[in-house]
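protein_6.cif follows; it contains mmCIF, C-alpha atoms.
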```
data_structure
#
loop_
_atom_site.label_atom_id
_atom_site.label_comp_id
_atom_site.auth_asym_id
_atom_site.auth_seq_id
_atom_site.Cartn_x
_atom_site.Cartn_y
_atom_site.Cartn_z
CA MET A 1 56.64 34.88 92.64
CA THR A 2 54.32 32.08 93.70
CA ARG A 3 55.34 29.50 96.29
CA ARG A 4 55.73 26.90 93.53
CA ASP A 5 57.89 29.22 91.42
CA ARG A 6 59.97 30.07 94.48
CA LEU A 7 60.55 26.39 95.16
CA ARG A 8 61.52 25.74 91.54
CA TYR A 9 64.03 28.59 91.74
CA LEU A 10 65.54 27.33 94.99
CA ILE A 11 65.90 23.79 93.65
CA ALA A 12 67.43 25.09 90.41
CA ARG A 13 69.95 27.16 92.37
CA GLU A 14 70.84 24.24 94.65
CA ALA A 15 71.14 21.85 91.70
CA ALA A 16 73.49 24.31 89.99
CA ARG A 17 75.57 24.53 93.16
CA LEU A 18 75.83 20.75 93.29
CA MET A 19 76.93 20.63 89.67
CA TYR A 20 79.49 23.35 90.27
CA GLU A 21 80.88 22.38 93.68
CA GLU A 22 80.38 18.60 93.72
CA GLN A 23 80.96 18.14 90.00
CA ILE A 24 77.69 16.28 89.40
CA LYS A 25 77.45 15.95 85.62
CA GLU A 26 73.84 14.86 85.07
CA TYR A 27 71.08 17.44 85.41
CA MET A 28 68.53 14.88 86.61
CA THR A 29 70.87 13.60 89.33
CA ALA A 30 71.54 17.15 90.52
CA LYS A 31 67.90 18.22 90.56
CA ARG A 32 66.75 15.12 92.43
CA LYS A 33 69.48 15.52 95.03
CA ALA A 34 68.65 19.21 95.35
CA ALA A 35 64.94 18.44 95.75
CA ARG A 36 65.61 16.11 98.68
CA ALA A 37 67.12 19.02 100.60
CA PHE A 38 63.70 20.67 100.60
CA GLY A 39 61.76 17.69 101.94
CA LEU A 40 58.67 16.04 100.48
CA GLU A 41 61.06 13.68 98.74
CA LYS A 42 58.52 11.36 97.17
CA ARG A 43 56.39 14.11 95.66
CA LEU A 44 59.34 16.20 94.52
CA CYS A 45 61.15 13.28 92.93
CA LEU A 46 58.02 12.46 90.95
CA GLY A 47 58.45 15.76 89.18
CA HIS A 48 56.38 18.27 91.15
CA HIS A 49 58.15 21.62 91.38
CA LEU A 50 61.30 20.33 89.70
CA PRO A 51 62.98 22.97 87.52
CA SER A 52 63.89 22.38 83.90
CA ASN A 53 67.44 21.65 82.81
CA SER A 54 67.43 25.05 81.15
CA GLU A 55 66.69 26.78 84.46
CA ILE A 56 69.50 24.87 86.14
CA ARG A 57 71.97 25.67 83.38
CA ALA A 58 71.13 29.37 83.70
CA GLU A 59 71.93 29.23 87.43
CA LEU A 60 75.10 27.25 86.74
CA GLN A 61 76.25 29.85 84.24
CA LEU A 62 75.69 32.57 86.86
CA LEU A 63 77.92 30.68 89.32
CA ILE A 64 80.66 30.24 86.73
CA ASN A 65 80.49 33.92 85.79
CA LEU A 66 80.57 34.89 89.45
CA TYR A 67 83.47 32.74 90.62
CA GLU A 68 85.50 32.29 87.45
CA PRO A 69 85.12 35.40 85.30
CA GLU A 70 88.82 35.42 84.40
CA VAL A 71 89.31 31.65 84.16
CA LEU A 72 86.31 30.81 81.98
CA PRO A 73 87.40 32.35 78.66
CA GLU A 74 90.79 30.61 78.68
CA ARG A 75 89.35 27.29 79.83
CA LEU A 76 86.62 27.40 77.20
CA LEU A 77 89.09 28.28 74.47
CA GLN A 78 91.44 25.44 75.39
CA MET A 79 88.60 22.93 75.52
CA ARG A 80 87.32 24.07 72.13
CA ILE A 81 90.81 23.77 70.65
CA LEU A 82 91.04 20.23 72.01
CA ALA A 83 87.57 19.46 70.65
CA LEU A 84 88.66 20.76 67.24
CA LYS A 85 91.67 18.44 67.31
CA TYR A 86 89.38 15.45 67.73
CA LEU A 87 86.80 16.66 65.23
CA GLU A 88 89.64 16.73 62.70
CA LEU A 89 90.93 13.34 63.84
CA PHE A 90 87.51 11.75 63.52
CA ALA A 91 86.77 13.32 60.14
CA PRO A 92 86.03 9.88 58.57
CA PHE A 93 83.05 9.62 60.94
CA ARG A 94 81.62 13.08 60.11
CA PRO A 95 81.53 14.21 63.77
CA TYR A 96 79.69 16.98 65.57
CA LEU A 97 80.53 18.77 68.82
CA ILE A 98 77.61 19.17 71.19
CA GLY A 99 77.09 20.04 74.85
CA SER A 100 78.74 22.43 77.28
CA VAL A 101 81.93 23.06 75.30
CA LEU A 102 79.78 24.31 72.44
CA SER A 103 77.33 26.27 74.60
CA GLY A 104 80.13 27.80 76.69
CA CYS A 105 78.86 26.67 80.10
CA VAL A 106 81.96 24.77 81.23
CA THR A 107 83.45 24.01 84.64
CA GLN A 108 86.81 22.47 85.49
CA ARG A 109 85.24 19.00 85.25
CA SER A 110 83.27 19.43 82.03
CA ASP A 111 83.85 16.88 79.31
CA ILE A 112 83.84 17.13 75.53
CA ASP A 113 80.84 15.49 73.85
CA LEU A 114 81.14 14.34 70.26
CA HIS A 115 78.65 12.57 68.01
CA LEU A 116 80.21 10.19 65.49
CA PHE A 117 78.50 8.25 62.71
CA ALA A 118 79.57 4.78 61.60
CA ASP A 119 77.95 1.73 60.03
CA ASP A 120 79.65 -0.43 62.64
CA PRO A 121 80.78 0.92 66.04
CA GLU A 122 83.78 -1.39 65.86
CA GLU A 123 85.10 0.84 63.08
CA VAL A 124 85.59 3.60 65.65
CA GLU A 125 87.12 1.22 68.19
CA THR A 126 89.56 -0.08 65.58
CA PHE A 127 90.34 3.50 64.57
CA LEU A 128 91.27 4.34 68.16
CA THR A 129 93.23 1.14 68.71
CA GLU A 130 95.31 1.69 65.59
CA ARG A 131 96.28 5.10 66.93
CA HIS A 132 97.13 3.70 70.37
CA LEU A 133 94.40 5.72 72.08
CA ASP A 134 93.11 4.07 75.23
CA PHE A 135 89.36 4.07 75.74
CA THR A 136 86.54 2.47 77.68
CA SER A 137 83.08 1.70 76.35
CA GLU A 138 79.49 1.18 77.41
CA ILE A 139 76.06 0.85 75.84
CA VAL A 140 73.60 3.64 76.60
CA THR A 141 69.89 2.97 76.08
CA ILE A 142 67.76 5.89 74.91
CA HIS A 143 63.99 6.00 74.60
CA LYS A 144 62.75 7.88 71.57
CA GLY A 145 59.96 7.51 69.07
CA GLY A 146 58.23 5.03 71.36
CA HIS A 147 61.16 2.61 71.19
CA PHE A 148 64.35 1.88 73.09
CA HIS A 149 67.61 2.22 71.17
CA ASP A 150 71.08 1.10 72.23
CA TYR A 151 74.01 3.35 71.31
CA PRO A 152 77.70 2.68 72.01
CA HIS A 153 79.55 5.35 73.95
CA LEU A 154 83.34 5.45 74.07
CA TYR A 155 85.38 7.42 76.57
CA LEU A 156 88.95 8.64 76.34
CA GLU A 157 90.99 11.28 78.11
CA GLU A 158 93.62 13.87 77.27
CA ASN A 159 95.23 16.30 79.71
CA GLY A 160 92.68 15.43 82.36
CA ILE A 161 89.74 16.20 80.08
CA GLU A 162 87.35 13.38 79.25
CA LEU A 163 85.91 12.97 75.78
CA GLU A 164 82.65 11.13 75.31
CA LEU A 165 82.03 9.70 71.84
CA SER A 166 78.46 8.73 71.08
CA ILE A 167 78.21 6.56 67.97
CA TYR A 168 75.14 6.60 65.73
CA PRO A 169 74.23 5.02 62.38
CA PRO A 170 75.02 7.33 59.43
CA LYS A 171 71.32 7.64 58.53
CA GLU A 172 70.69 9.45 61.83
CA ARG A 173 73.10 12.26 61.08
CA GLN A 174 70.45 14.26 59.26
CA ASN A 175 68.02 13.92 62.17
CA VAL A 176 68.84 16.64 64.68
CA PRO A 177 67.93 15.35 68.17
CA ARG A 178 66.17 17.47 70.74
CA SER A 179 68.23 19.04 73.48
CA SER A 180 67.49 17.73 76.98
CA ILE A 181 68.14 21.27 78.21
CA THR A 182 66.16 23.52 75.87
CA GLY A 183 63.72 21.03 74.38
CA LYS A 184 64.56 22.49 70.98
CA ALA A 185 66.77 21.16 68.22
CA MET A 186 70.18 20.36 69.68
CA GLU A 187 73.01 22.76 68.83
CA ARG A 188 75.77 20.98 66.91
CA ALA A 189 78.99 22.20 65.35
CA ASP A 190 81.08 20.50 62.70
CA THR A 191 84.78 21.17 62.18
CA LYS A 192 84.26 24.28 60.05
CA GLN A 193 81.76 25.82 62.46
CA LEU A 194 83.94 25.18 65.50
CA ARG A 195 87.01 26.57 63.77
CA HIS A 196 85.02 29.76 63.07
CA LEU A 197 83.86 29.93 66.68
CA ILE A 198 87.44 29.65 67.92
CA ALA A 199 88.60 32.33 65.48
CA CYS A 200 85.91 34.67 66.77
CA SER A 201 87.00 34.01 70.38
CA LEU A 202 90.63 34.74 69.53
CA GLY A 203 89.61 37.90 67.74
CA ALA A 204 87.62 39.06 70.78
CA GLN A 205 90.60 38.39 73.06
CA GLU A 206 92.94 40.38 70.82
CA LYS A 207 90.59 43.37 70.96
CA GLU A 208 90.54 43.20 74.77
CA ASP A 209 94.33 43.03 74.91
#
```
Write the structure described by the file as structure tokens, please.
Amino acid sequence: MTRRDRLRYLIAREAARLMYEEQIKEYMTAKRKAARAFGLEKRLCLGHHLPSNSEIRAELQLLINLYEPEVLPERLLQMRILALKYLELFAPFRPYLIGSVLSGCVTQRSDIDLHLFADDPEEVETFLTERHLDFTSEIVTIHKGGHFHDYPHLYLEENGIELELSIYPPKERQNVPRSSITGKAMERADTKQLRHLIACSLGAQEKED
């Protein structure tokens, strides 16, 4: 292993520790904080030697498997069941589940990420208000295709688990975004796919019992 590869590995491992122990949610925040622990802050924070999100997630998964081998399956199942509840609730907005609850790399502070599609974001806000579901909102700016795009994000909580709803125009539903972790097409699951995933998990648990 070269010195550069060794440094990438050490930063990835430290970033994963920060995400696991300090509950840092953003990969970039974790990797930059981890890089500072190794000095050369300016050069490291410009991108030299920084590991990919995929490398960090692999180290994070190792930590979860090491410290929570018995807790993880139950936690993941419960979070997927909760995600299914909201996929069904938001059926009018043709939602997808993405992120850690789909991939399986969840900690006690992981949230549930859903993509919803609506002509007007206020439709979703009205939908939530009519059902007496409290939420907060913000606008997140994303750079893609050489342009900056503003997307509303809504946040609500159930049983201590946060749900993040990202709202996109319906025309974007057919365009699968790239994952910030793998760089490939983002994994997404609709209601039917998640229901199948949960059924498979329950089947696996029954075999173990």
Legend entry - Shell of 8 Å around Thr141 (chain A), all atoms listed in the file, local chain residues under 3 positions omitted, as an MDAnalysis selection string: chainID A and resid 148:151
Write out, as a Markdown table, each residue of region 36-137 of chain A that has an atom at most 8 Å from region 6-29 of chain A, together with the closest pair of atoms and their distance in Å to one decimal, counting all atoms listed in the file, rows going by chain and rising number.
```
| residue | atom | partner | partner_atom | distance |
| --- | --- | --- | --- | --- |
| A:Phe38 | CA | A:Ile11 | CA | 7.9 |
| A:His49 | CA | A:Arg8 | CA | 5.3 |
| A:Leu50 | CA | A:Arg8 | CA | 5.7 |
| A:Pro51 | CA | A:Arg8 | CA | 5.1 |
| A:Ser52 | CA | A:Ala12 | CA | 7.9 |
| A:Asn53 | CA | A:Tyr27 | CA | 6.1 |
| A:Glu55 | CA | A:Ala12 | CA | 6.2 |
| A:Ile56 | CA | A:Ala12 | CA | 4.8 |
| A:Arg57 | CA | A:Ala16 | CA | 6.9 |
| A:Glu59 | CA | A:Arg13 | CA | 5.7 |
| A:Leu60 | CA | A:Ala16 | CA | 4.7 |
| A:Leu63 | CA | A:Tyr20 | CA | 7.6 |
| A:Ile64 | CA | A:Tyr20 | CA | 7.8 |
| A:Thr107 | CA | A:Tyr20 | CA | 6.9 |
| A:Arg109 | CA | A:Gln23 | CA | 6.5 |
| A:Ser110 | CA | A:Lys25 | CA | 7.7 |
```
Inset, instruction - Using the chain letters and numbers from the file, give me the residues hit by the PyMOL selection byres ((chain A and resi 138) around 7), as a PyMOL selection string. - result: chain A and resi 137+139-140+152-154
Legend entry - Non-local contacts of region 100-104 of chain A (8 Å; only C-alpha atoms; under 2 positions in same chain excluded) as a list in words: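 The contact residues come out as Leu76, Met79, Arg80, Leu97, Ile98, Val106, Ser110, Asp111, Ile112, Asp113, Glu187, Arg188 and Ala189 of chain A.
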Legend entry - Residues selected by the PyMOL selection byres ((chain A and resi 124-135) around 12), written as a VMD selection string: chain A and resid 86 89 to 95 115 to 123 136 to 138 152 to 158 162 to 169
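CA of Leu77 (chain A) to CA of Ile198 (chain A) spans 6.9 Å [interatomic distance, one decimal].
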Inset, instruction - Please indicate the distance in Å from CA of Lys192 (chain A) to CA of Leu87 (chain A), rounded to one decimal place. - result: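 If I compute the distance from CA of Lys192 (chain A) to CA of Leu87 (chain A), I get 9.6 Å.
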